[in-house]
Amino acid sequence: MTMKPQGIIEFRFSTADWGERDRLAIFREQVGRLVMKLDPEPLIEGAFHAEARLRELPGVGIVLGTGSWACTNLQVVRPRELLDGTDDLVLTIATSGSMNASQRGREVTLGPGEAVLMSSAEVGRMAVLPQSPTRFIGLRLPRKALAPLVSNLDDVLMRGLPSSTEALRLLALYLRKLDDGYRLSTPGLLDAVVTHLIDLGSLVVGASPDGTAVAKDRGLAAARFAAVKADISENLSYGDLTLLAVAARLRLTPRYIQRLFESVDTTFSEFVLAQRLARAHRLLTDPVRSDSTIGTIAFESGFGDLSYFNRTFRRYYGATPSDIRAALLRH
């Protein structure tokens, strides 16, 4: 368990790191009961596996939890003796494989991209099937934070949430960006991220009209901006990367995307250029790519004109690509 800046608590584990004889005992007592307030065990007799990265994010007067899991042949139960008085709500999103959730006498089966909301104040059970690994992400939302945005929260518990909604896809993307190393370097940024996650969670489970209006201006806009940046990053090598193409893929209007960039005092074109130059710089300073020509690196970064690439690179970095490559080779 590690303490990050701004009071972020992070905990990682993998059952593969423990001896086979003691694996279940360590998992149940030191991780399940002490950390997660859950009782884990294999679903059927035989080998099981679990690994997770868990994080607590303090912000806006609450503590919000996130987690990324990979499991095989496992069930986790919250029995009555492990209920600790908290009434947080847990949103679980399956990303691969299949899993079952049971609570309040109801059972929901989740496939990739589907989700369910459960209560940590009640007995419940989740199980992943033994045939193949299952991956899922979880978001623990304090009820007091979600209640102002969602009417009748209890009505949405144990109701399967389909993968087709924009809010659910964006929430999963936003959580993945946190796991990819999104730097929460200041209290203000941390508060904003926590607020965005609450907003997206409310939209996923069904925000009230007033809650929807608030969440769209905050969390939904931030998540859409993250999706736009992710789309650009994934398509940088294509020379024909355009605003219209990104807008079409994400089902947003070009003007909406332009406004997102205007909100941070830049433009779509300026952002794309900066990302392409940054990729080129990373490749030029990568020892593994020392045999690649500058032209190849320029092309892989989305530049079709080598002269333009050289001029623009020098303006941004104060050195030519050849200078950067020569410095790498000297070392």
# chains A, B, ... in the order shown; residues from 1 in each chain; ligands from 1
>>> residues_around(residues="A:Leu117", least_positions_apart="6", cutoff="10 Å", atoms="only C-alpha atoms", output="ChimeraX atom specification")
/A:89-93,101,138-141,153-154,156-161,201,204-205
>>> write_last_selection(atoms="N, CA and C atoms", output="compact mmCIF listing (two decimals), in the first residue's frame")
# COMPACT_ATOMS: atom_id res chain seq x y z
N LEU A 89 -22.11 3.32 -2.72
CA LEU A 89 -22.64 2.55 -3.85
C LEU A 89 -21.47 2.17 -4.75
N VAL A 90 -21.49 0.95 -5.27
CA VAL A 90 -20.38 0.45 -6.07
C VAL A 90 -20.88 0.16 -7.48
N LEU A 91 -20.30 0.87 -8.45
CA LEU A 91 -20.62 0.66 -9.86
C LEU A 91 -19.54 -0.22 -10.47
N THR A 92 -19.92 -1.40 -10.94
CA THR A 92 -18.97 -2.34 -11.53
C THR A 92 -19.21 -2.42 -13.03
N ILE A 93 -18.12 -2.27 -13.81
CA ILE A 93 -18.19 -2.29 -15.27
C ILE A 93 -17.31 -3.43 -15.77
N ALA A 101 -23.58 -10.80 -10.69
CA ALA A 101 -23.74 -10.02 -9.47
C ALA A 101 -25.08 -10.39 -8.84
N GLY A 138 -14.13 -0.93 -11.13
CA GLY A 138 -15.14 -0.58 -10.14
C GLY A 138 -14.98 0.86 -9.70
N LEU A 139 -16.09 1.46 -9.38
CA LEU A 139 -16.10 2.84 -8.89
C LEU A 139 -16.99 2.88 -7.66
N ARG A 140 -16.40 3.20 -6.50
CA ARG A 140 -17.15 3.32 -5.25
C ARG A 140 -17.56 4.77 -5.05
N LEU A 141 -18.86 5.01 -5.08
CA LEU A 141 -19.41 6.36 -5.04
C LEU A 141 -20.14 6.59 -3.72
N LEU A 153 -32.33 6.68 -5.76
CA LEU A 153 -31.15 5.85 -6.00
C LEU A 153 -31.43 4.36 -5.80
N ASP A 154 -32.24 4.04 -4.81
CA ASP A 154 -32.48 2.62 -4.54
C ASP A 154 -33.18 1.92 -5.70
N VAL A 156 -32.40 2.09 -8.77
CA VAL A 156 -31.48 1.67 -9.84
C VAL A 156 -30.51 0.59 -9.38
N LEU A 157 -30.56 0.20 -8.10
CA LEU A 157 -29.70 -0.87 -7.63
C LEU A 157 -30.07 -2.20 -8.30
N MET A 158 -29.04 -2.97 -8.68
CA MET A 158 -29.22 -4.29 -9.28
C MET A 158 -30.06 -4.25 -10.56
N ARG A 159 -29.88 -3.19 -11.31
CA ARG A 159 -30.50 -3.10 -12.63
C ARG A 159 -29.39 -3.10 -13.66
N GLY A 160 -29.38 -4.07 -14.55
CA GLY A 160 -28.33 -4.15 -15.56
C GLY A 160 -28.27 -2.88 -16.39
N LEU A 161 -27.07 -2.34 -16.57
CA LEU A 161 -26.88 -1.11 -17.34
C LEU A 161 -26.19 -1.46 -18.65
N GLY A 201 -20.85 8.94 -13.16
CA GLY A 201 -21.59 7.88 -12.49
C GLY A 201 -23.07 8.18 -12.42
N VAL A 204 -24.62 7.56 -15.82
CA VAL A 204 -24.70 6.12 -16.12
C VAL A 204 -25.93 5.51 -15.46
N VAL A 205 -26.17 5.82 -14.19
CA VAL A 205 -27.27 5.16 -13.47
C VAL A 205 -28.60 5.87 -13.68
>>> select_by_dssp(residues="stretch 63-202 of chain A", states="strand (DSSP E)", output="ChimeraX atom specification")
/A:63-72,74-78,89-96,99-103,106-110,115-119,124-128,134-141
>>> residues_around(residues="A:Glu166", least_positions_apart="2", cutoff="10 Å", atoms="only C-alpha atoms", output="count of residues only")
13
>>> residues_around(residues="stretch 27-38 of chain A", least_positions_apart="6", cutoff="8 Å", atoms="only C-alpha atoms", output="PyMOL selection string")
chain A and resi 15+76-79+82-84
>>> closest_residue(among="A:Ser301, A:Thr312, A:Thr253, A:Gln258", to="A:Arg276", atoms="only C-alpha atoms")
A:Ser301
>>> residues_around(residues="A:Glu300", least_positions_apart="6", cutoff="10 Å", atoms="only C-alpha atoms", output="list in words")
Leu236, Ser237, Tyr238, Gly239, Arg276, Arg279, Ala280, Leu283 and Ile294 of chain A
>>> write_last_selection(atoms="C-alpha atoms", output="mmCIF file, in the first residue's frame")
data_model
loop_
_atom_site.group_PDB
_atom_site.id
_atom_site.type_symbol
_atom_site.label_atom_id
_atom_site.label_comp_id
_atom_site.auth_asym_id
_atom_site.auth_seq_id
_atom_site.Cartn_x
_atom_site.Cartn_y
_atom_site.Cartn_z
ATOM 1 C CA LEU A 236 -1.586 10.426 -35.043
ATOM 2 C CA SER A 237 0.264 8.385 -37.657
ATOM 3 C CA TYR A 238 -2.467 8.990 -40.228
ATOM 4 C CA GLY A 239 -1.676 12.074 -42.266
ATOM 5 C CA ARG A 276 2.824 14.650 -33.438
ATOM 6 C CA ARG A 279 5.734 11.510 -30.639
ATOM 7 C CA ALA A 280 8.540 12.254 -33.069
ATOM 8 C CA LEU A 283 10.981 8.141 -31.191
ATOM 9 C CA ILE A 294 14.363 10.702 -39.593
#
>>> closest_residue(among="A:Met126, A:Leu243, A:Arg143, A:Tyr308", to="A:Ile198", atoms="only C-alpha atoms")
A:Arg143
>>> residues_around(residues="A:Leu306", least_positions_apart="3", cutoff="10 Å", atoms="only C-alpha atoms", output="list in words")
Ile294, Gly295, Thr296, Ile297, Ala298, Phe299, Phe303, Phe309, Asn310, Arg311 and Thr312 of chain A
>>> select_by_dssp(residues="stretch 103-189 of chain A", states="alpha helix (DSSP H)", output="list in words")
Arg143, Lys144, Ala145, Leu146, Glu166, Ala167, Leu168, Arg169, Leu170, Leu171, Ala172, Leu173, Tyr174, Leu175, Arg176, Lys177, Leu178, Asp179, Pro187, Gly188 and Leu189 of chain A
>>> write_last_selection(atoms="N, CA and C atoms", output="short mmCIF file (atom, residue, chain, number, x, y, z; two decimals), in the first residue's frame")
data_model
loop_
_atom_site.label_atom_id
_atom_site.label_comp_id
_atom_site.auth_asym_id
_atom_site.auth_seq_id
_atom_site.Cartn_x
_atom_site.Cartn_y
_atom_site.Cartn_z
N ARG A 143 -22.84 7.66 -1.33
CA ARG A 143 -24.26 7.94 -1.59
C ARG A 143 -24.56 9.44 -1.47
N LYS A 144 -23.95 10.11 -0.48
CA LYS A 144 -24.25 11.52 -0.27
C LYS A 144 -23.79 12.38 -1.44
N ALA A 145 -22.81 11.90 -2.20
CA ALA A 145 -22.34 12.65 -3.37
C ALA A 145 -23.23 12.41 -4.57
N LEU A 146 -23.77 11.19 -4.69
CA LEU A 146 -24.58 10.84 -5.85
C LEU A 146 -26.04 11.26 -5.69
N GLU A 166 -23.42 6.42 -24.05
CA GLU A 166 -22.20 7.21 -24.16
C GLU A 166 -21.58 7.43 -22.79
N ALA A 167 -22.40 7.68 -21.78
CA ALA A 167 -21.87 7.96 -20.45
C ALA A 167 -21.06 6.79 -19.91
N LEU A 168 -21.53 5.56 -20.13
CA LEU A 168 -20.82 4.39 -19.62
C LEU A 168 -19.51 4.19 -20.36
N ARG A 169 -19.51 4.36 -21.67
CA ARG A 169 -18.26 4.24 -22.43
C ARG A 169 -17.25 5.29 -22.00
N LEU A 170 -17.72 6.52 -21.79
CA LEU A 170 -16.81 7.59 -21.39
C LEU A 170 -16.29 7.39 -19.98
N LEU A 171 -17.15 6.89 -19.08
CA LEU A 171 -16.69 6.64 -17.73
C LEU A 171 -15.59 5.58 -17.72
N ALA A 172 -15.77 4.50 -18.50
CA ALA A 172 -14.75 3.46 -18.57
C ALA A 172 -13.44 4.03 -19.12
N LEU A 173 -13.54 4.88 -20.14
CA LEU A 173 -12.34 5.52 -20.71
C LEU A 173 -11.66 6.41 -19.68
N TYR A 174 -12.43 7.19 -18.96
CA TYR A 174 -11.88 8.12 -17.96
C TYR A 174 -11.15 7.34 -16.87
N LEU A 175 -11.73 6.22 -16.43
CA LEU A 175 -11.08 5.41 -15.41
C LEU A 175 -9.80 4.78 -15.94
N ARG A 176 -9.80 4.36 -17.21
CA ARG A 176 -8.58 3.81 -17.79
C ARG A 176 -7.48 4.85 -17.86
N LYS A 177 -7.84 6.10 -18.15
CA LYS A 177 -6.85 7.17 -18.19
C LYS A 177 -6.22 7.38 -16.82
N LEU A 178 -7.01 7.24 -15.77
CA LEU A 178 -6.44 7.33 -14.42
C LEU A 178 -5.42 6.22 -14.21
N ASP A 179 -5.74 5.00 -14.66
CA ASP A 179 -4.83 3.88 -14.50
C ASP A 179 -3.58 4.03 -15.37
N PRO A 187 -4.43 19.75 -5.51
CA PRO A 187 -5.75 19.50 -4.92
C PRO A 187 -6.88 19.92 -5.85
N GLY A 188 -6.70 21.02 -6.59
CA GLY A 188 -7.75 21.47 -7.50
C GLY A 188 -8.03 20.46 -8.59
N LEU A 189 -6.97 19.87 -9.16
CA LEU A 189 -7.14 18.86 -10.20
C LEU A 189 -7.79 17.61 -9.63
#
>>> residues_around(residues="A:His49", least_positions_apart="3", cutoff="12 Å", atoms="only C-alpha atoms", output="ChimeraX atom specification")
/A:13-18,20,23-24,27,40-43,46,52,69-75,128-135
